[in-house]
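See structure below.
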Amino acid sequence: MEFNCSSPTTIPVVSTFASPFDTSAAVNGSDSTSTRKPISLWPGMYHSPVTNALWEAKSQIFERLLDPPKDAPPQSEFLTKTPSQSRTSILYNLSSDYILREQYRDPWNEVRIGKLLEDLDALAGTISVKHCSDDDSTTRPLLLVTASVDKIVLKKPISVDIDLKIVGSVIWVGRSSIEIQLEVIQSTKENSDVSDSVALTANFIFVARDSKTGKAAPVNRLSPETEREKFLFEEAEARSKLRKRKRVDRREFEHGEINRLEALLAEGRIFCDMPALADRDNILLKDTHLENALICQPQQRNIHGRIFGGFLMHRAFELAFSTAYAFAGLVPCFLEVDHVDFLRPVDVGDFLRLKSCVLYTELENPDQPLINVEVVAHVTRPEIRTSEVSNTFYFTFSVRPEAKATKNGFKIRNVVPATEEEARRILERMDAEMLTRKSQ
């Protein structure tokens with residue numbers, strides 16, 4: 001499949017090697033002497049090359065978000081839009097742009113997944129803005145925030161030497177929530193089939209808030225047209241009902257579940273009480289922990305002045321990857337983001353602590369052992385001695401086959417909890433994942 005970057009719906013991405021303070025170039029064909037603030041100086045512009053391309057493409061919409069009319073009324077008349085109206089694609093000319101290629105290269109000559117997660121969140125945000133825009137400069141724009149990531153699945157490795165395309169659109173709309181599906185496409189001469197070219201799929205959930213009151217706000221309706229769009233809408237509707245059911249089903253453990261809890265804790269108690277007799281094929285959950293901390297800087301903010309969700313996912317992924325690496329003793333292979341919750345906003349200047357652990361392993365298939373990593377982000381305020389969870393991330397890794405072949409006697413260990421709280425976290429995550437797989 002060939003990519004046509006001249007299409008009006010495809011946004012070409014270029015490297016960001018030039019100075020961000022260069023205002024000599026005209027924007028969207030306008031005169032460079034315009035009084036409008038240069039896009040390169042808008043917030044949220046320093047994350048990756050794709051962010052700049054997206055802001056350039058839809059600068060008029062984003063200008064309203066940056067400088068909304070004072071005391072403007074909320075949108076009163078809601079439009080019915082089609083998925084095609086929000087559909088947006090971005091093209092990475094990796095094969096010809098050396099600087100862009102180097103910005104995305106990882107040590108294994110593949111695309112850095114962490115940077116790609118940033119780009120996916122940025123594109124999903126752009127698509128949600130396009131769908132919710134009413135093209136009326138007299139109404140106040142909505143505040144759109146990432147609520148969760150339902151699933152991100154890597155179907156095949158993504159080479160850094162071959163052109164890459166991300167395509168996305170709104171596939172479902174509730175009263176104040178929006179689901180966006182994105183596909184990362186990379187084709188080779190040997191593989192020209194469109195379905196086989198999809199390297200990664202992602203589903204983002206955004207929620208709309210009134211920018212003045214902060215309360216949930218209704219959004220434009222969605223009218224799927226094609227059979228494919230109708231199918232995706234029905235699937236997303238089922239996922240929405242499943243998410244609501246999960247929230248309702250968070251109950252106390254029943255008798256059978258208490259037995260599962262006790263079984264999980266049994267080996268952990270041996271580690272704590274009789275460590276010399278513990279099974280060396282097991283490891284305590286607490287011994288898989290890694291942690292890092294950072295101060296959130298203004299360069300990492302989004303158009304609403306808060307920390308960009310894609311940046312948080314990037315940092316969480318890097319920590320999860322390192323956790324899986326240290327646990328397995330071999331280079332891990334990323335498989336999927338199981339779920340991400342954005343529980344509270346993270347602001348500029350916040351002291352953020354990221355804590356990770358291997359939550360559990362799945363060893364039924366010795367050729368592809370699964371390592372499930374949890375990352376929890378805490379916003380810590382030392383002045384008032386508080387710490388609140390802002391995000392939870394769940395990732396699944398395996399081990400690269402070429403790395404496994406170099407290590408004789410390679411074996412992944414079981415993770416066991418030492419406390420009831422750890423055991424509950426493991427069971428809740430395993431049950432949630434099982435429910436998700438059954439619904440697919």
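To be explicit about the labels: the chains of the structure tokens are called A, B, and onward in the order shown, and within each one the residues are counted from 1, while ligands get numbers from 1 in the order they are shown.
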Exercise. Pull the helix (DSSP H, G or I) assignments for region 83-315 of chain A out of DSSP run on the backbone, and list those residues as a PyMOL selection string.
Key: chain A and resi 83-86+98-104+113-132+194-197+227-248+255-273+275-277+285-288+298-300+309-315
Please provide as a list in words all residues within 6 Å of Ile307 (chain A), with the sequence filter that same-chain residues fewer than 4 positions apart are discarded (counting only C-alpha atoms).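 So the residues in contact are Gln300, Arg301, Asn302, Val346 and Asp347 of chain A.
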Could those residues be written to a file, using N, CA and C atoms, as a compact mmCIF listing (two decimals), in the first residue's frame?
# COMPACT_ATOMS: atom_id res chain seq x y z
N GLN A 300 5.68 20.41 29.16
CA GLN A 300 4.92 19.17 29.02
C GLN A 300 3.42 19.39 29.13
N ARG A 301 2.99 20.67 29.08
CA ARG A 301 1.57 20.95 29.26
C ARG A 301 0.81 20.85 27.94
N ASN A 302 -0.50 20.67 28.05
CA ASN A 302 -1.36 20.64 26.87
C ASN A 302 -2.04 21.99 26.69
N VAL A 346 -3.02 16.17 36.22
CA VAL A 346 -1.69 16.46 36.73
C VAL A 346 -1.31 17.85 36.25
N ASP A 347 -0.91 18.72 37.16
CA ASP A 347 -0.65 20.11 36.82
C ASP A 347 0.84 20.41 36.71
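Closest approach to Ala122 (chain A) from the set A:Met313, A:Cys296, A:Ile185, A:Val198 is made by A:Met313, with distances taken over only C-alpha atoms.
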Self-check item: Selection near Leu354 (chain A), 6 Å with only C-alpha atoms, sequence-local residues under 6 positions removed, as a PyMOL selection string
Solution: chain A and resi 291-292+376-377
Got time to write the residues from that selection, N, CA and C atoms, as a PDB file, in the first residue's frame?
ATOM      1  N   GLU A 291      10.994   2.487  40.661  1.00  0.00           N
ATOM      2  CA  GLU A 291      10.334   3.769  40.912  1.00  0.00           C
ATOM      3  C   GLU A 291      11.158   4.903  40.330  1.00  0.00           C
ATOM      4  N   ASN A 292      10.490   5.941  39.854  1.00  0.00           N
ATOM      5  CA  ASN A 292      11.182   7.190  39.542  1.00  0.00           C
ATOM      6  C   ASN A 292      10.281   8.368  39.879  1.00  0.00           C
ATOM      7  N   VAL A 376       1.765   2.826  38.727  1.00  0.00           N
ATOM      8  CA  VAL A 376       0.850   3.745  39.407  1.00  0.00           C
ATOM      9  C   VAL A 376       1.541   5.091  39.563  1.00  0.00           C
ATOM     10  N   ALA A 377       0.867   6.152  39.124  1.00  0.00           N
ATOM     11  CA  ALA A 377       1.411   7.515  39.234  1.00  0.00           C
ATOM     12  C   ALA A 377       0.753   8.219  40.419  1.00  0.00           C
TER      13      ALA A 377
END
In Å and to one decimal, CA of Leu427 (chain A) is distant from CA of Gly310 (chain A) by 28.0 Å
Of the listed residues A:Ile426, A:Arg239, A:Ile113, A:Thr380, that which approaches Phe321 (chain A) most closely, counting only C-alpha atoms: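 Answer, going by the shortest atom-to-atom distance: A:Ile113.
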>> To one decimal place in Å, what is the distance between CA of Lys156 (chain A) and CA of Lys411 (chain A)?
In response: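 Spanning CA of Lys156 (chain A) to CA of Lys411 (chain A) is a straight-line distance of 23.9 Å.
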As a PDB file with N, CA, C and O atoms, in the first residue's frame, please: every residue in region 124-169 of chain A that a backbone DSSP assignment puts in strand (DSSP E or B).
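The result, stored in out_38.pdb:
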ATOM      1  N   LEU A 142     -15.485  23.266  24.564  1.00  0.00           N
ATOM      2  CA  LEU A 142     -15.485  22.271  25.623  1.00  0.00           C
ATOM      3  C   LEU A 142     -14.057  21.966  26.073  1.00  0.00           C
ATOM      4  O   LEU A 142     -13.101  22.120  25.311  1.00  0.00           O
ATOM      5  N   LEU A 143     -13.942  21.517  27.312  1.00  0.00           N
ATOM      6  CA  LEU A 143     -12.684  21.001  27.838  1.00  0.00           C
ATOM      7  C   LEU A 143     -12.711  19.486  27.628  1.00  0.00           C
ATOM      8  O   LEU A 143     -13.565  18.796  28.187  1.00  0.00           O
ATOM      9  N   LEU A 144     -11.809  18.970  26.780  1.00  0.00           N
ATOM     10  CA  LEU A 144     -11.785  17.544  26.451  1.00  0.00           C
ATOM     11  C   LEU A 144     -10.543  16.907  27.059  1.00  0.00           C
ATOM     12  O   LEU A 144      -9.426  17.347  26.800  1.00  0.00           O
ATOM     13  N   VAL A 145     -10.754  15.885  27.871  1.00  0.00           N
ATOM     14  CA  VAL A 145      -9.633  15.248  28.567  1.00  0.00           C
ATOM     15  C   VAL A 145      -9.663  13.742  28.334  1.00  0.00           C
ATOM     16  O   VAL A 145     -10.728  13.141  28.165  1.00  0.00           O
ATOM     17  N   THR A 146      -8.474  13.131  28.339  1.00  0.00           N
ATOM     18  CA  THR A 146      -8.381  11.677  28.216  1.00  0.00           C
ATOM     19  C   THR A 146      -8.871  11.046  29.512  1.00  0.00           C
ATOM     20  O   THR A 146      -8.336  11.314  30.586  1.00  0.00           O
ATOM     21  N   ALA A 147      -9.912  10.217  29.412  1.00  0.00           N
ATOM     22  CA  ALA A 147     -10.450   9.549  30.608  1.00  0.00           C
ATOM     23  C   ALA A 147      -9.785   8.200  30.819  1.00  0.00           C
ATOM     24  O   ALA A 147      -9.471   7.821  31.948  1.00  0.00           O
ATOM     25  N   SER A 148      -9.566   7.467  29.716  1.00  0.00           N
ATOM     26  CA  SER A 148      -8.928   6.153  29.832  1.00  0.00           C
ATOM     27  C   SER A 148      -8.457   5.696  28.459  1.00  0.00           C
ATOM     28  O   SER A 148      -8.859   6.248  27.433  1.00  0.00           O
ATOM     29  N   VAL A 149      -7.601   4.705  28.484  1.00  0.00           N
ATOM     30  CA  VAL A 149      -7.208   4.005  27.261  1.00  0.00           C
ATOM     31  C   VAL A 149      -7.742   2.595  27.406  1.00  0.00           C
ATOM     32  O   VAL A 149      -7.373   1.880  28.348  1.00  0.00           O
ATOM     33  N   ASP A 150      -8.637   2.202  26.509  1.00  0.00           N
ATOM     34  CA  ASP A 150      -9.286   0.906  26.645  1.00  0.00           C
ATOM     35  C   ASP A 150      -8.334  -0.229  26.292  1.00  0.00           C
ATOM     36  O   ASP A 150      -8.270  -1.235  26.978  1.00  0.00           O
ATOM     37  N   LYS A 151      -7.573  -0.059  25.229  1.00  0.00           N
ATOM     38  CA  LYS A 151      -6.660  -1.116  24.794  1.00  0.00           C
ATOM     39  C   LYS A 151      -5.730  -0.561  23.727  1.00  0.00           C
ATOM     40  O   LYS A 151      -6.153   0.185  22.854  1.00  0.00           O
ATOM     41  N   ILE A 152      -4.472  -0.937  23.810  1.00  0.00           N
ATOM     42  CA  ILE A 152      -3.516  -0.677  22.728  1.00  0.00           C
ATOM     43  C   ILE A 152      -2.797  -1.994  22.473  1.00  0.00           C
ATOM     44  O   ILE A 152      -2.156  -2.534  23.376  1.00  0.00           O
ATOM     45  N   VAL A 153      -2.931  -2.526  21.270  1.00  0.00           N
ATOM     46  CA  VAL A 153      -2.383  -3.846  20.954  1.00  0.00           C
ATOM     47  C   VAL A 153      -1.381  -3.722  19.812  1.00  0.00           C
ATOM     48  O   VAL A 153      -1.700  -3.187  18.746  1.00  0.00           O
ATOM     49  N   LEU A 154      -0.170  -4.204  20.054  1.00  0.00           N
ATOM     50  CA  LEU A 154       0.860  -4.252  19.015  1.00  0.00           C
ATOM     51  C   LEU A 154       0.729  -5.576  18.280  1.00  0.00           C
ATOM     52  O   LEU A 154       0.874  -6.642  18.869  1.00  0.00           O
ATOM     53  N   SER A 159       8.989  -1.087  12.183  1.00  0.00           N
ATOM     54  CA  SER A 159      10.330  -0.711  11.752  1.00  0.00           C
ATOM     55  C   SER A 159      10.473   0.806  11.691  1.00  0.00           C
ATOM     56  O   SER A 159       9.530   1.527  11.327  1.00  0.00           O
ATOM     57  N   LEU A 164       5.395   5.352   7.912  1.00  0.00           N
ATOM     58  CA  LEU A 164       4.381   4.955   8.881  1.00  0.00           C
ATOM     59  C   LEU A 164       3.193   5.896   8.769  1.00  0.00           C
ATOM     60  O   LEU A 164       3.359   7.089   8.529  1.00  0.00           O
ATOM     61  N   LYS A 165       2.014   5.352   8.962  1.00  0.00           N
ATOM     62  CA  LYS A 165       0.810   6.170   8.902  1.00  0.00           C
ATOM     63  C   LYS A 165      -0.093   5.830  10.080  1.00  0.00           C
ATOM     64  O   LYS A 165      -0.257   4.659  10.420  1.00  0.00           O
ATOM     65  N   ILE A 166      -0.671   6.852  10.718  1.00  0.00           N
ATOM     66  CA  ILE A 166      -1.670   6.636  11.772  1.00  0.00           C
ATOM     67  C   ILE A 166      -2.985   7.240  11.290  1.00  0.00           C
ATOM     68  O   ILE A 166      -3.034   8.397  10.878  1.00  0.00           O
ATOM     69  N   VAL A 167      -4.034   6.443  11.344  1.00  0.00           N
ATOM     70  CA  VAL A 167      -5.363   6.877  10.909  1.00  0.00           C
ATOM     71  C   VAL A 167      -6.323   6.698  12.073  1.00  0.00           C
ATOM     72  O   VAL A 167      -6.293   5.672  12.768  1.00  0.00           O
ATOM     73  N   GLY A 168      -7.175   7.700  12.323  1.00  0.00           N
ATOM     74  CA  GLY A 168      -8.119   7.587  13.427  1.00  0.00           C
ATOM     75  C   GLY A 168      -9.387   8.371  13.188  1.00  0.00           C
ATOM     76  O   GLY A 168      -9.431   9.298  12.378  1.00  0.00           O
ATOM     77  N   SER A 169     -10.439   7.989  13.905  1.00  0.00           N
ATOM     78  CA  SER A 169     -11.718   8.702  13.831  1.00  0.00           C
ATOM     79  C   SER A 169     -12.545   8.376  15.070  1.00  0.00           C
ATOM     80  O   SER A 169     -12.251   7.424  15.805  1.00  0.00           O
TER      81      SER A 169
END
